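Source file: work.pdb (PDB, C-alpha atoms, pLDDT in the B column)
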```pdb
MODEL        1
ATOM      1  CA  MET A  88     -28.891  35.177 -29.775  1.00 53.00           C
ATOM      2  CA  ARG A  89     -29.444  31.414 -29.550  1.00 55.00           C
ATOM      3  CA  ARG A  90     -25.957  30.796 -30.942  1.00 56.00           C
ATOM      4  CA  PHE A  91     -24.475  33.126 -28.309  1.00 48.00           C
ATOM      5  CA  THR A  92     -26.427  31.339 -25.542  1.00 46.00           C
ATOM      6  CA  PHE A  93     -25.218  27.944 -26.810  1.00 46.00           C
ATOM      7  CA  VAL A  94     -21.594  29.094 -26.976  1.00 42.00           C
ATOM      8  CA  LEU A  95     -21.846  30.597 -23.476  1.00 41.00           C
ATOM      9  CA  SER A  96     -23.388  27.401 -22.071  1.00 46.00           C
ATOM     10  CA  PHE A  97     -20.721  25.287 -23.748  1.00 41.00           C
ATOM     11  CA  ALA A  98     -17.967  27.523 -22.354  1.00 39.00           C
ATOM     12  CA  CYS A  99     -19.486  27.259 -18.862  1.00 41.00           C
ATOM     13  CA  LEU A 100     -19.573  23.465 -19.191  1.00 38.00           C
ATOM     14  CA  ILE A 101     -15.913  23.335 -20.217  1.00 40.00           C
ATOM     15  CA  PHE A 102     -14.978  25.656 -17.351  1.00 38.00           C
ATOM     16  CA  SER A 103     -16.943  23.535 -14.842  1.00 38.00           C
ATOM     17  CA  GLU A 104     -15.264  20.344 -16.041  1.00 42.00           C
ATOM     18  CA  ALA A 105     -11.822  21.978 -15.837  1.00 41.00           C
ATOM     19  CA  LEU A 106     -12.577  23.200 -12.319  1.00 40.00           C
ATOM     20  CA  LEU A 107     -13.759  19.751 -11.300  1.00 45.00           C
ATOM     21  CA  ALA A 108     -10.585  18.178 -12.701  1.00 53.00           C
ATOM     22  CA  GLN A 109      -8.466  20.610 -10.698  1.00 62.00           C
ATOM     23  CA  ASN A 110     -10.279  19.523  -7.530  1.00 84.00           C
ATOM     24  CA  CYS A 111      -9.842  15.805  -8.163  1.00 97.00           C
ATOM     25  CA  LYS A 112      -7.956  14.110  -5.330  1.00 98.00           C
ATOM     26  CA  LYS A 113      -4.606  12.694  -6.443  1.00 98.00           C
ATOM     27  CA  ILE A 114      -4.208   9.146  -5.127  1.00 98.00           C
ATOM     28  CA  GLY A 115      -0.666   7.787  -4.956  1.00 98.00           C
ATOM     29  CA  VAL A 116      -0.203   4.257  -6.300  1.00 96.00           C
ATOM     30  CA  VAL A 117       3.054   2.348  -5.792  1.00 94.00           C
ATOM     31  CA  ALA A 118       4.054   1.177  -9.262  1.00 92.00           C
ATOM     32  CA  SER A 119       4.971  -2.428  -8.502  1.00 90.00           C
ATOM     33  CA  TRP A 120       3.488  -4.162  -5.490  1.00 94.00           C
ATOM     34  CA  PRO A 121       1.268  -6.841  -7.037  1.00 94.00           C
ATOM     35  CA  PRO A 122      -1.375  -7.828  -6.351  1.00 96.00           C
ATOM     36  CA  LEU A 123      -1.947  -4.819  -4.054  1.00 97.00           C
ATOM     37  CA  THR A 124      -1.013  -1.937  -6.356  1.00 96.00           C
ATOM     38  CA  VAL A 125       0.293  -1.823  -9.914  1.00 95.00           C
ATOM     39  CA  PHE A 126       0.696   1.206 -12.169  1.00 93.00           C
ATOM     40  CA  ASP A 127       1.638   0.431 -15.750  1.00 90.00           C
ATOM     41  CA  SER A 128       0.780   1.566 -19.285  1.00 89.00           C
ATOM     42  CA  ALA A 129      -2.817   0.437 -18.729  1.00 88.00           C
ATOM     43  CA  GLY A 130      -3.139   2.581 -15.602  1.00 94.00           C
ATOM     44  CA  ALA A 131      -3.681   1.662 -11.963  1.00 97.00           C
ATOM     45  CA  THR A 132      -4.843  -1.812 -10.923  1.00 96.00           C
ATOM     46  CA  GLY A 133      -4.684  -4.110  -7.916  1.00 97.00           C
ATOM     47  CA  LEU A 134      -6.546  -4.989  -4.727  1.00 98.00           C
ATOM     48  CA  ASP A 135      -6.094  -1.657  -2.983  1.00 98.00           C
ATOM     49  CA  VAL A 136      -6.768   0.281  -6.177  1.00 98.00           C
ATOM     50  CA  GLU A 137     -10.128  -1.481  -6.589  1.00 98.00           C
ATOM     51  CA  ILE A 138     -11.019  -0.805  -2.967  1.00 98.00           C
ATOM     52  CA  VAL A 139     -10.048   2.879  -3.139  1.00 98.00           C
ATOM     53  CA  GLN A 140     -12.018   3.348  -6.361  1.00 98.00           C
ATOM     54  CA  ALA A 141     -15.096   1.895  -4.683  1.00 98.00           C
ATOM     55  CA  ILE A 142     -14.643   4.127  -1.620  1.00 98.00           C
ATOM     56  CA  PHE A 143     -14.254   7.355  -3.605  1.00 98.00           C
ATOM     57  CA  ASP A 144     -17.109   6.466  -5.953  1.00 98.00           C
ATOM     58  CA  GLN A 145     -19.363   5.839  -2.967  1.00 98.00           C
ATOM     59  CA  ALA A 146     -18.222   9.088  -1.349  1.00 98.00           C
ATOM     60  CA  GLY A 147     -18.916  10.993  -4.583  1.00 98.00           C
ATOM     61  CA  LEU A 148     -15.431  12.505  -4.733  1.00 98.00           C
ATOM     62  CA  CYS A 149     -13.469  13.077  -7.928  1.00 98.00           C
ATOM     63  CA  TYR A 150     -10.100  11.296  -8.036  1.00 98.00           C
ATOM     64  CA  LYS A 151      -7.197  10.324 -10.258  1.00 98.00           C
ATOM     65  CA  PHE A 152      -4.260   8.007  -9.724  1.00 98.00           C
ATOM     66  CA  VAL A 153      -0.642   9.150  -9.643  1.00 98.00           C
ATOM     67  CA  ARG A 154       2.267   6.748 -10.127  1.00 96.00           C
ATOM     68  CA  LEU A 155       4.810   6.392  -7.315  1.00 94.00           C
ATOM     69  CA  PRO A 156       8.095   4.529  -7.966  1.00 88.00           C
ATOM     70  CA  SER A 157       8.174   3.100  -4.423  1.00 86.00           C
ATOM     71  CA  SER A 158       6.601   3.393  -0.979  1.00 87.00           C
ATOM     72  CA  ALA A 159       9.559   5.505   0.114  1.00 86.00           C
ATOM     73  CA  ARG A 160       8.366   8.401  -2.063  1.00 90.00           C
ATOM     74  CA  THR A 161       4.819   8.462  -0.680  1.00 95.00           C
ATOM     75  CA  PHE A 162       5.157  10.959   2.151  1.00 94.00           C
ATOM     76  CA  GLU A 163       7.700  13.133   0.364  1.00 94.00           C
ATOM     77  CA  GLU A 164       5.258  13.506  -2.534  1.00 96.00           C
ATOM     78  CA  MET A 165       2.365  14.158  -0.174  1.00 96.00           C
ATOM     79  CA  GLY A 166       4.338  16.888   1.560  1.00 94.00           C
ATOM     80  CA  LYS A 167       4.967  18.539  -1.833  1.00 95.00           C
ATOM     81  CA  GLY A 168       1.324  18.271  -2.871  1.00 96.00           C
ATOM     82  CA  VAL A 169       2.035  15.843  -5.714  1.00 97.00           C
ATOM     83  CA  ILE A 170      -0.449  13.409  -4.142  1.00 98.00           C
ATOM     84  CA  ASP A 171      -3.329  13.929  -1.733  1.00 98.00           C
ATOM     85  CA  VAL A 172      -3.965  10.323  -0.688  1.00 98.00           C
ATOM     86  CA  SER A 173      -1.748   7.453   0.430  1.00 98.00           C
ATOM     87  CA  THR A 174      -3.295   3.984   0.180  1.00 97.00           C
ATOM     88  CA  MET A 175      -2.749   0.897   2.399  1.00 96.00           C
ATOM     89  CA  THR A 176      -1.099   3.020   5.084  1.00 97.00           C
ATOM     90  CA  SER A 177      -0.229   1.691   8.542  1.00 96.00           C
ATOM     91  CA  PHE A 178      -0.786   4.109  11.400  1.00 96.00           C
ATOM     92  CA  THR A 179       2.224   5.789  12.986  1.00 95.00           C
ATOM     93  CA  ILE A 180       2.375   9.011  14.980  1.00 95.00           C
ATOM     94  CA  GLU A 181       5.044  10.340  12.604  1.00 95.00           C
ATOM     95  CA  ARG A 182       2.724  10.041   9.603  1.00 96.00           C
ATOM     96  CA  GLN A 183       0.000  12.130  11.239  1.00 97.00           C
ATOM     97  CA  LYS A 184       1.893  15.280  10.304  1.00 97.00           C
ATOM     98  CA  TYR A 185       1.052  14.596   6.650  1.00 97.00           C
ATOM     99  CA  GLY A 186      -2.635  13.874   6.967  1.00 98.00           C
ATOM    100  CA  VAL A 187      -5.643  12.342   8.681  1.00 98.00           C
ATOM    101  CA  PHE A 188      -6.073   8.571   8.842  1.00 98.00           C
ATOM    102  CA  SER A 189      -9.392   7.289   7.550  1.00 98.00           C
ATOM    103  CA  LYS A 190     -11.195   4.374   9.099  1.00 98.00           C
ATOM    104  CA  SER A 191      -9.437   1.101   8.376  1.00 98.00           C
ATOM    105  CA  TYR A 192     -10.647  -0.650   5.230  1.00 98.00           C
ATOM    106  CA  ARG A 193      -8.737  -3.974   5.499  1.00 98.00           C
ATOM    107  CA  ASP A 194      -6.153  -5.803   7.592  1.00 96.00           C
ATOM    108  CA  GLU A 195      -2.522  -6.306   6.643  1.00 96.00           C
ATOM    109  CA  LYS A 196      -0.619  -9.445   7.684  1.00 96.00           C
ATOM    110  CA  MET A 197       3.151  -9.287   7.243  1.00 97.00           C
ATOM    111  CA  ARG A 198       5.053 -12.584   7.301  1.00 98.00           C
ATOM    112  CA  LEU A 199       8.522 -13.963   6.705  1.00 98.00           C
ATOM    113  CA  ILE A 200       8.911 -15.730   3.347  1.00 98.00           C
ATOM    114  CA  SER A 201      11.843 -18.024   2.579  1.00 98.00           C
ATOM    115  CA  LEU A 202      12.947 -21.039   0.566  1.00 98.00           C
ATOM    116  CA  SER A 203      13.829 -22.930   3.741  1.00 96.00           C
ATOM    117  CA  HIS A 204      11.276 -24.754   5.854  1.00 96.00           C
ATOM    118  CA  PRO A 205       9.682 -22.695   8.638  1.00 97.00           C
ATOM    119  CA  ARG A 206      10.559 -23.344  12.242  1.00 95.00           C
ATOM    120  CA  PRO A 207       9.447 -21.751  15.496  1.00 95.00           C
ATOM    121  CA  ILE A 208      11.342 -18.607  16.497  1.00 97.00           C
ATOM    122  CA  GLN A 209      10.962 -16.357  19.515  1.00 96.00           C
ATOM    123  CA  ASN A 210      11.747 -13.134  17.668  1.00 98.00           C
ATOM    124  CA  LEU A 211      13.396 -11.726  14.540  1.00 98.00           C
ATOM    125  CA  LYS A 212      16.656 -11.208  16.371  1.00 97.00           C
ATOM    126  CA  THR A 213      16.983 -15.016  16.438  1.00 97.00           C
ATOM    127  CA  LEU A 214      17.499 -14.936  12.659  1.00 98.00           C
ATOM    128  CA  LEU A 215      19.714 -11.870  12.595  1.00 98.00           C
ATOM    129  CA  ARG A 216      22.108 -13.392  15.126  1.00 97.00           C
ATOM    130  CA  LYS A 217      22.775 -16.092  12.530  1.00 97.00           C
ATOM    131  CA  ASP A 218      23.821 -13.436   9.984  1.00 97.00           C
ATOM    132  CA  LEU A 219      20.736 -14.051   7.841  1.00 98.00           C
ATOM    133  CA  THR A 220      19.517 -11.294   5.533  1.00 98.00           C
ATOM    134  CA  ILE A 221      16.007  -9.928   5.018  1.00 98.00           C
ATOM    135  CA  GLY A 222      14.643  -8.075   1.974  1.00 98.00           C
ATOM    136  CA  LEU A 223      12.115  -5.301   2.604  1.00 96.00           C
ATOM    137  CA  SER A 224      10.042  -2.769   0.718  1.00 93.00           C
ATOM    138  CA  ILE A 225      11.663   0.675   0.784  1.00 86.00           C
ATOM    139  CA  GLY A 226       9.740   3.031   3.043  1.00 85.00           C
ATOM    140  CA  SER A 227       7.221   0.515   4.386  1.00 91.00           C
ATOM    141  CA  TYR A 228       6.376   0.074   8.062  1.00 93.00           C
ATOM    142  CA  TYR A 229       6.593  -3.435   9.498  1.00 95.00           C
ATOM    143  CA  GLY A 230       5.899  -2.795  13.158  1.00 95.00           C
ATOM    144  CA  GLU A 231       7.964  -1.664  16.131  1.00 95.00           C
ATOM    145  CA  GLU A 232      10.029  -4.845  16.523  1.00 97.00           C
ATOM    146  CA  LEU A 233      11.438  -4.620  13.014  1.00 97.00           C
ATOM    147  CA  ASN A 234      11.653  -0.830  13.120  1.00 95.00           C
ATOM    148  CA  LYS A 235      14.028  -1.006  16.090  1.00 96.00           C
ATOM    149  CA  LEU A 236      16.153  -3.733  14.490  1.00 97.00           C
ATOM    150  CA  ILE A 237      16.553  -1.753  11.249  1.00 96.00           C
ATOM    151  CA  GLN A 238      18.024   1.104  13.271  1.00 95.00           C
ATOM    152  CA  HIS A 239      20.265  -1.143  15.387  1.00 96.00           C
ATOM    153  CA  GLN A 240      23.928  -0.632  14.536  1.00 96.00           C
ATOM    154  CA  LYS A 241      24.663  -4.351  14.774  1.00 97.00           C
ATOM    155  CA  TYR A 242      21.857  -5.551  12.491  1.00 97.00           C
ATOM    156  CA  LYS A 243      20.964  -2.746  10.070  1.00 95.00           C
ATOM    157  CA  GLU A 244      23.316  -4.021   7.343  1.00 97.00           C
ATOM    158  CA  GLN A 245      21.380  -7.312   7.230  1.00 98.00           C
ATOM    159  CA  PHE A 246      18.299  -5.582   5.850  1.00 98.00           C
ATOM    160  CA  VAL A 247      18.152  -5.087   2.088  1.00 97.00           C
ATOM    161  CA  SER A 248      15.815  -2.340   0.828  1.00 94.00           C
ATOM    162  CA  LEU A 249      14.111  -3.252  -2.450  1.00 93.00           C
ATOM    163  CA  ALA A 250      11.769  -0.992  -4.399  1.00 87.00           C
ATOM    164  CA  SER A 251       9.412  -3.506  -5.996  1.00 91.00           C
ATOM    165  CA  ALA A 252       7.709  -6.794  -5.235  1.00 92.00           C
ATOM    166  CA  ASN A 253       9.356  -8.328  -8.319  1.00 91.00           C
ATOM    167  CA  SER A 254      12.804  -7.374  -7.061  1.00 95.00           C
ATOM    168  CA  ARG A 255      12.059  -8.845  -3.636  1.00 96.00           C
ATOM    169  CA  ILE A 256      10.915 -12.235  -4.895  1.00 97.00           C
ATOM    170  CA  SER A 257      13.735 -12.293  -7.469  1.00 97.00           C
ATOM    171  CA  MET A 258      16.351 -11.708  -4.774  1.00 98.00           C
ATOM    172  CA  LEU A 259      14.851 -14.497  -2.686  1.00 98.00           C
ATOM    173  CA  VAL A 260      14.653 -17.172  -5.404  1.00 97.00           C
ATOM    174  CA  LYS A 261      18.219 -16.337  -6.485  1.00 97.00           C
ATOM    175  CA  ASN A 262      19.364 -16.824  -2.871  1.00 97.00           C
ATOM    176  CA  ARG A 263      20.634 -13.255  -2.623  1.00 98.00           C
ATOM    177  CA  VAL A 264      18.629 -12.747   0.562  1.00 98.00           C
ATOM    178  CA  ASP A 265      17.567 -15.408   3.046  1.00 98.00           C
ATOM    179  CA  PHE A 266      14.113 -13.947   3.684  1.00 98.00           C
ATOM    180  CA  ILE A 267      11.742 -11.339   2.442  1.00 98.00           C
ATOM    181  CA  ILE A 268       8.895  -9.883   4.458  1.00 98.00           C
ATOM    182  CA  ASP A 269       5.648  -9.261   2.631  1.00 96.00           C
ATOM    183  CA  ASP A 270       1.886  -9.187   2.936  1.00 94.00           C
ATOM    184  CA  LEU A 271       0.099 -12.553   2.725  1.00 95.00           C
ATOM    185  CA  PHE A 272      -1.627 -11.308  -0.447  1.00 95.00           C
ATOM    186  CA  SER A 273       1.782 -10.886  -2.085  1.00 95.00           C
ATOM    187  CA  ALA A 274       2.922 -14.304  -0.840  1.00 96.00           C
ATOM    188  CA  HIS A 275      -0.212 -15.804  -2.405  1.00 94.00           C
ATOM    189  CA  TYR A 276       0.592 -13.951  -5.652  1.00 95.00           C
ATOM    190  CA  TYR A 277       4.216 -15.174  -5.727  1.00 96.00           C
ATOM    191  CA  GLU A 278       3.091 -18.751  -5.260  1.00 94.00           C
ATOM    192  CA  ASN A 279      -0.015 -18.941  -7.431  1.00 91.00           C
ATOM    193  CA  GLU A 280       0.461 -16.256 -10.095  1.00 91.00           C
ATOM    194  CA  LEU A 281       4.248 -16.349 -10.573  1.00 94.00           C
ATOM    195  CA  GLY A 282       4.615 -20.088  -9.958  1.00 94.00           C
ATOM    196  CA  HIS A 283       7.092 -19.909  -7.076  1.00 96.00           C
ATOM    197  CA  ASP A 284       5.564 -22.908  -5.317  1.00 94.00           C
ATOM    198  CA  ASN A 285       8.820 -23.568  -3.455  1.00 96.00           C
ATOM    199  CA  ILE A 286       8.438 -20.519  -1.201  1.00 97.00           C
ATOM    200  CA  LYS A 287       7.562 -21.042   2.445  1.00 97.00           C
ATOM    201  CA  ILE A 288       5.502 -18.716   4.633  1.00 97.00           C
ATOM    202  CA  TRP A 289       6.571 -18.663   8.249  1.00 98.00           C
ATOM    203  CA  PRO A 290       3.895 -18.558  10.977  1.00 97.00           C
ATOM    204  CA  TYR A 291       5.787 -15.955  12.993  1.00 98.00           C
ATOM    205  CA  VAL A 292       3.736 -12.756  13.099  1.00 97.00           C
ATOM    206  CA  VAL A 293       5.984  -9.910  11.952  1.00 98.00           C
ATOM    207  CA  HIS A 294       3.179  -7.371  11.965  1.00 96.00           C
ATOM    208  CA  ASP A 295      -0.614  -7.611  11.843  1.00 96.00           C
ATOM    209  CA  ASN A 296      -2.433  -4.324  11.668  1.00 96.00           C
ATOM    210  CA  PRO A 297      -5.295  -2.439  10.009  1.00 97.00           C
ATOM    211  CA  VAL A 298      -4.468  -0.237   7.037  1.00 97.00           C
ATOM    212  CA  HIS A 299      -6.026   3.114   6.182  1.00 98.00           C
ATOM    213  CA  LEU A 300      -6.127   5.890   3.643  1.00 98.00           C
ATOM    214  CA  LEU A 301      -3.968   8.825   4.691  1.00 98.00           C
ATOM    215  CA  LEU A 302      -5.767  12.015   3.615  1.00 98.00           C
ATOM    216  CA  SER A 303      -3.606  15.111   3.200  1.00 98.00           C
ATOM    217  CA  HIS A 304      -4.229  17.995   5.605  1.00 97.00           C
ATOM    218  CA  LYS A 305      -3.891  20.359   2.640  1.00 96.00           C
ATOM    219  CA  SER A 306      -6.521  18.760   0.424  1.00 97.00           C
ATOM    220  CA  PHE A 307      -9.359  17.376   2.530  1.00 98.00           C
ATOM    221  CA  THR A 308     -12.082  19.179   4.450  1.00 98.00           C
ATOM    222  CA  GLN A 309     -13.800  17.659   7.460  1.00 98.00           C
ATOM    223  CA  SER A 310     -16.793  17.105   5.194  1.00 98.00           C
ATOM    224  CA  ASP A 311     -14.623  15.130   2.712  1.00 98.00           C
ATOM    225  CA  ILE A 312     -13.183  12.988   5.503  1.00 98.00           C
ATOM    226  CA  LYS A 313     -16.647  12.241   6.851  1.00 98.00           C
ATOM    227  CA  LYS A 314     -17.831  11.197   3.387  1.00 98.00           C
ATOM    228  CA  ILE A 315     -14.881   8.810   3.012  1.00 98.00           C
ATOM    229  CA  ASN A 316     -15.319   7.252   6.456  1.00 98.00           C
ATOM    230  CA  THR A 317     -19.046   6.823   5.852  1.00 98.00           C
ATOM    231  CA  ALA A 318     -18.330   5.248   2.459  1.00 98.00           C
ATOM    232  CA  ILE A 319     -15.921   2.728   4.017  1.00 98.00           C
ATOM    233  CA  ILE A 320     -18.618   1.629   6.470  1.00 98.00           C
ATOM    234  CA  GLU A 321     -21.328   1.471   3.801  1.00 98.00           C
ATOM    235  CA  ILE A 322     -19.366  -0.639   1.308  1.00 98.00           C
ATOM    236  CA  GLN A 323     -17.508  -2.905   3.748  1.00 97.00           C
ATOM    237  CA  PRO A 324     -19.332  -6.000   2.402  1.00 97.00           C
ATOM    238  CA  LYS A 325     -18.158  -5.069  -1.106  1.00 98.00           C
ATOM    239  CA  ILE A 326     -14.593  -4.556   0.165  1.00 98.00           C
ATOM    240  CA  ASP A 327     -14.684  -7.971   1.849  1.00 97.00           C
ATOM    241  CA  SER A 328     -15.889  -9.500  -1.431  1.00 97.00           C
ATOM    242  CA  VAL A 329     -12.993  -7.938  -3.389  1.00 97.00           C
ATOM    243  CA  ILE A 330     -10.519  -9.223  -0.790  1.00 96.00           C
ATOM    244  CA  LYS A 331     -11.968 -12.723  -1.048  1.00 94.00           C
ATOM    245  CA  GLU A 332     -11.629 -12.657  -4.847  1.00 92.00           C
ATOM    246  CA  TYR A 333      -7.914 -11.811  -4.601  1.00 92.00           C
ATOM    247  CA  LEU A 334      -7.317 -14.639  -2.145  1.00 85.00           C
ATOM    248  CA  ILE A 335      -8.781 -17.222  -4.486  1.00 78.00           C
ATOM    249  CA  LYS A 336      -7.240 -15.927  -7.743  1.00 61.00           C
ATOM    250  CA  LYS A 337      -5.095 -18.480  -9.548  1.00 51.00           C
TER     251      LYS A 337
ENDMDL
END
```
Encoded form using structure tokens:
Amino acid sequence: MRRFTFVLSFACLIFSEALLAQNCKKIGVVASWPPLTVFDSAGATGLDVEIVQAIFDQAGLCYKFVRLPSSARTFEEMGKGVIDVSTMTSFTIERQKYGVFSKSYRDEKMRLISLSHPRPIQNLKTLLRKDLTIGLSIGSYYGEELNKLIQHQKYKEQFVSLASANSRISMLVKNRVDFIIDDLFSAHYYENELGHDNIKIWPYVVHDNPVHLLLSHKSFTQSDIKKINTAIIEIQPKIDSVIKEYLIKK
């Protein structure tokens, strides 16, 4: 009888663990956007990965990371149910059809990066009128000014879509594009971690905005969303500490 009870208890434990694993939220991680997100043979790492781990741990929600080849695949995969969460997501009305935006957990600062010395400009069109080219992350949102220019018949060919951070910086240092636009964290990484100390960050503000988690309508209850938003508030000092560490990494 004891053996039967033990076997039954063990089977219940296995079933409970399997059920829990099925309910784990699938968090999409762009494979190559250091130091923000990286997904390699060792798993998921990076600034936003560390922050999201801390948020979900605080919220008490099960999670696992899913590799995404580029930002462009994020919302397609969310629509298909391959992922339940998009990290470091800028708010747009269009994206609301996929999920609910959490409270912001950090700010994003997008800047022009070049090999040439910065100079004052009134707008991005100033550069495009000189037939200069700009490398961008596929599928990322850089604000309304750039969004309109990308769709402009006259200028759209001057934008080069690149899937990874490594491809963007490589294209720049090989003079295959005149500029790239990236987060200041990535610019810091290019300069201090990869040794590209000849890059220049322009003061022109391409896009400053808060970033959020986008939580799939299909996978999150109102209770889950509340837990995540509460967790973001509760661990904000820890998030700020992680951000500071990435800014001083050499």
| message | When you look at Phe162 in chain A with a cut-off of 9 Å (counting all atoms listed in the file), what residues show up, excluding the ones that are within fewer than 5 positions of it in the same chain? I need them as number ranges by chain. | response | A: 167, 170, 173, 182, 185
Mind dumping a table of every range 190-247 of chain A residue within 12 Å of range 128-137 of chain A, with the nearest atom pair and its distance in Å to one decimal, using all atoms listed in the file, sorted by chain and rising number, as JSON lines?
```
{"residue": "A:Tyr192", "atom": "CA", "partner": "A:Asp135", "partner_atom": "CA", "distance": 9.4}
{"residue": "A:Arg193", "atom": "CA", "partner": "A:Asp135", "partner_atom": "CA", "distance": 9.2}
{"residue": "A:Asp194", "atom": "CA", "partner": "A:Asp135", "partner_atom": "CA", "distance": 11.4}
{"residue": "A:Glu195", "atom": "CA", "partner": "A:Asp135", "partner_atom": "CA", "distance": 11.3}
```
Write out as an mmCIF file with C-alpha atoms, in the coordinates of the input which residues come within 9 Å of range 285-293 of chain A when counting all atoms listed in the file, dropping same-chain ones fewer than 3 positions away.
```cif
data_model
loop_
_atom_site.group_PDB
_atom_site.id
_atom_site.type_symbol
_atom_site.label_atom_id
_atom_site.label_comp_id
_atom_site.auth_asym_id
_atom_site.auth_seq_id
_atom_site.Cartn_x
_atom_site.Cartn_y
_atom_site.Cartn_z
ATOM 1 C CA LYS A 196 -0.619 -9.445 7.684
ATOM 2 C CA MET A 197 3.151 -9.287 7.243
ATOM 3 C CA ARG A 198 5.053 -12.584 7.301
ATOM 4 C CA LEU A 199 8.522 -13.963 6.705
ATOM 5 C CA ILE A 200 8.911 -15.730 3.347
ATOM 6 C CA SER A 201 11.843 -18.024 2.579
ATOM 7 C CA LEU A 202 12.947 -21.039 0.566
ATOM 8 C CA SER A 203 13.829 -22.930 3.741
ATOM 9 C CA HIS A 204 11.276 -24.754 5.854
ATOM 10 C CA PRO A 205 9.682 -22.695 8.638
ATOM 11 C CA ARG A 206 10.559 -23.344 12.242
ATOM 12 C CA PRO A 207 9.447 -21.751 15.496
ATOM 13 C CA ILE A 208 11.342 -18.607 16.497
ATOM 14 C CA GLN A 209 10.962 -16.357 19.515
ATOM 15 C CA ASN A 210 11.747 -13.134 17.668
ATOM 16 C CA LEU A 211 13.396 -11.726 14.540
ATOM 17 C CA TYR A 229 6.593 -3.435 9.498
ATOM 18 C CA GLY A 230 5.899 -2.795 13.158
ATOM 19 C CA GLU A 232 10.029 -4.845 16.523
ATOM 20 C CA LEU A 233 11.438 -4.620 13.014
ATOM 21 C CA LEU A 259 14.851 -14.497 -2.686
ATOM 22 C CA VAL A 260 14.653 -17.172 -5.404
ATOM 23 C CA ILE A 268 8.895 -9.883 4.458
ATOM 24 C CA LEU A 271 0.099 -12.553 2.725
ATOM 25 C CA ALA A 274 2.922 -14.304 -0.840
ATOM 26 C CA TYR A 277 4.216 -15.174 -5.727
ATOM 27 C CA GLU A 278 3.091 -18.751 -5.260
ATOM 28 C CA GLY A 282 4.615 -20.088 -9.958
#
```
| task | Evaluate the PyMOL selection byres ((chain A and resi 309-318) around 12) here and jot the selected residues down as an MDAnalysis selection string. | result | chainID A and resid 110:112 138:149 172 186:192 299:308 319:326
| query | So how many Å separate CA of Ser273 in chain A and CA of Val329 in chain A, to one decimal? | reply | 15.1 Å
| said: Nearest residue to Ile267 in chain A out of A:Leu223, A:Asn279, A:Lys241, A:Ala118, using all atoms listed in the file? | reply: A:Leu223
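Picture a line from CA of Lys151 in chain A to CA of Val116 in chain A; it runs 10.1 Å.
For the choices A:Thr213, A:Gln183, A:Thr161, A:Ser254, the atom-to-atom distance to Ile114 in chain A is smallest for A:Thr161 when using only C-alpha atoms.
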Starting from the incomplete input, reconstruct N, CA, C and O atoms of range 215-224 of chain A and report them as an mmCIF file, in the coordinates of the input.
```
data_model
loop_
_atom_site.group_PDB
_atom_site.id
_atom_site.type_symbol
_atom_site.label_atom_id
_atom_site.label_comp_id
_atom_site.auth_asym_id
_atom_site.auth_seq_id
_atom_site.Cartn_x
_atom_site.Cartn_y
_atom_site.Cartn_z
ATOM 1 N N LEU A 215 18.636 -12.821 12.853
ATOM 2 C CA LEU A 215 19.714 -11.870 12.595
ATOM 3 C C LEU A 215 21.012 -12.285 13.282
ATOM 4 O O LEU A 215 22.102 -12.023 12.766
ATOM 5 N N ARG A 216 20.910 -12.919 14.419
ATOM 6 C CA ARG A 216 22.108 -13.392 15.126
ATOM 7 C C ARG A 216 22.843 -14.471 14.349
ATOM 8 O O ARG A 216 24.007 -14.760 14.607
ATOM 9 N N LYS A 217 22.160 -15.075 13.379
ATOM 10 C CA LYS A 217 22.775 -16.092 12.530
ATOM 11 C C LYS A 217 23.257 -15.490 11.206
ATOM 12 O O LYS A 217 23.537 -16.221 10.251
ATOM 13 N N ASP A 218 23.344 -14.166 11.159
ATOM 14 C CA ASP A 218 23.821 -13.436 9.984
ATOM 15 C C ASP A 218 22.945 -13.635 8.753
ATOM 16 O O ASP A 218 23.425 -13.537 7.609
ATOM 17 N N LEU A 219 21.662 -13.905 8.957
ATOM 18 C CA LEU A 219 20.736 -14.051 7.841
ATOM 19 C C LEU A 219 20.247 -12.677 7.383
ATOM 20 O O LEU A 219 20.183 -11.737 8.167
ATOM 21 N N THR A 220 19.915 -12.584 6.105
ATOM 22 C CA THR A 220 19.517 -11.294 5.533
ATOM 23 C C THR A 220 18.025 -11.290 5.197
ATOM 24 O O THR A 220 17.435 -12.326 4.878
ATOM 25 N N ILE A 221 17.443 -10.088 5.233
ATOM 26 C CA ILE A 221 16.007 -9.928 5.018
ATOM 27 C C ILE A 221 15.761 -8.799 4.023
ATOM 28 O O ILE A 221 16.235 -7.680 4.214
ATOM 29 N N GLY A 222 15.010 -9.088 2.963
ATOM 30 C CA GLY A 222 14.643 -8.075 1.974
ATOM 31 C C GLY A 222 13.330 -7.410 2.343
ATOM 32 O O GLY A 222 12.369 -8.083 2.737
ATOM 33 N N LEU A 223 13.283 -6.087 2.206
ATOM 34 C CA LEU A 223 12.115 -5.301 2.604
ATOM 35 C C LEU A 223 11.731 -4.303 1.524
ATOM 36 O O LEU A 223 12.561 -3.903 0.708
ATOM 37 N N SER A 224 10.482 -3.868 1.577
ATOM 38 C CA SER A 224 10.042 -2.769 0.718
ATOM 39 C C SER A 224 10.577 -1.452 1.260
ATOM 40 O O SER A 224 10.476 -1.178 2.455
#
```
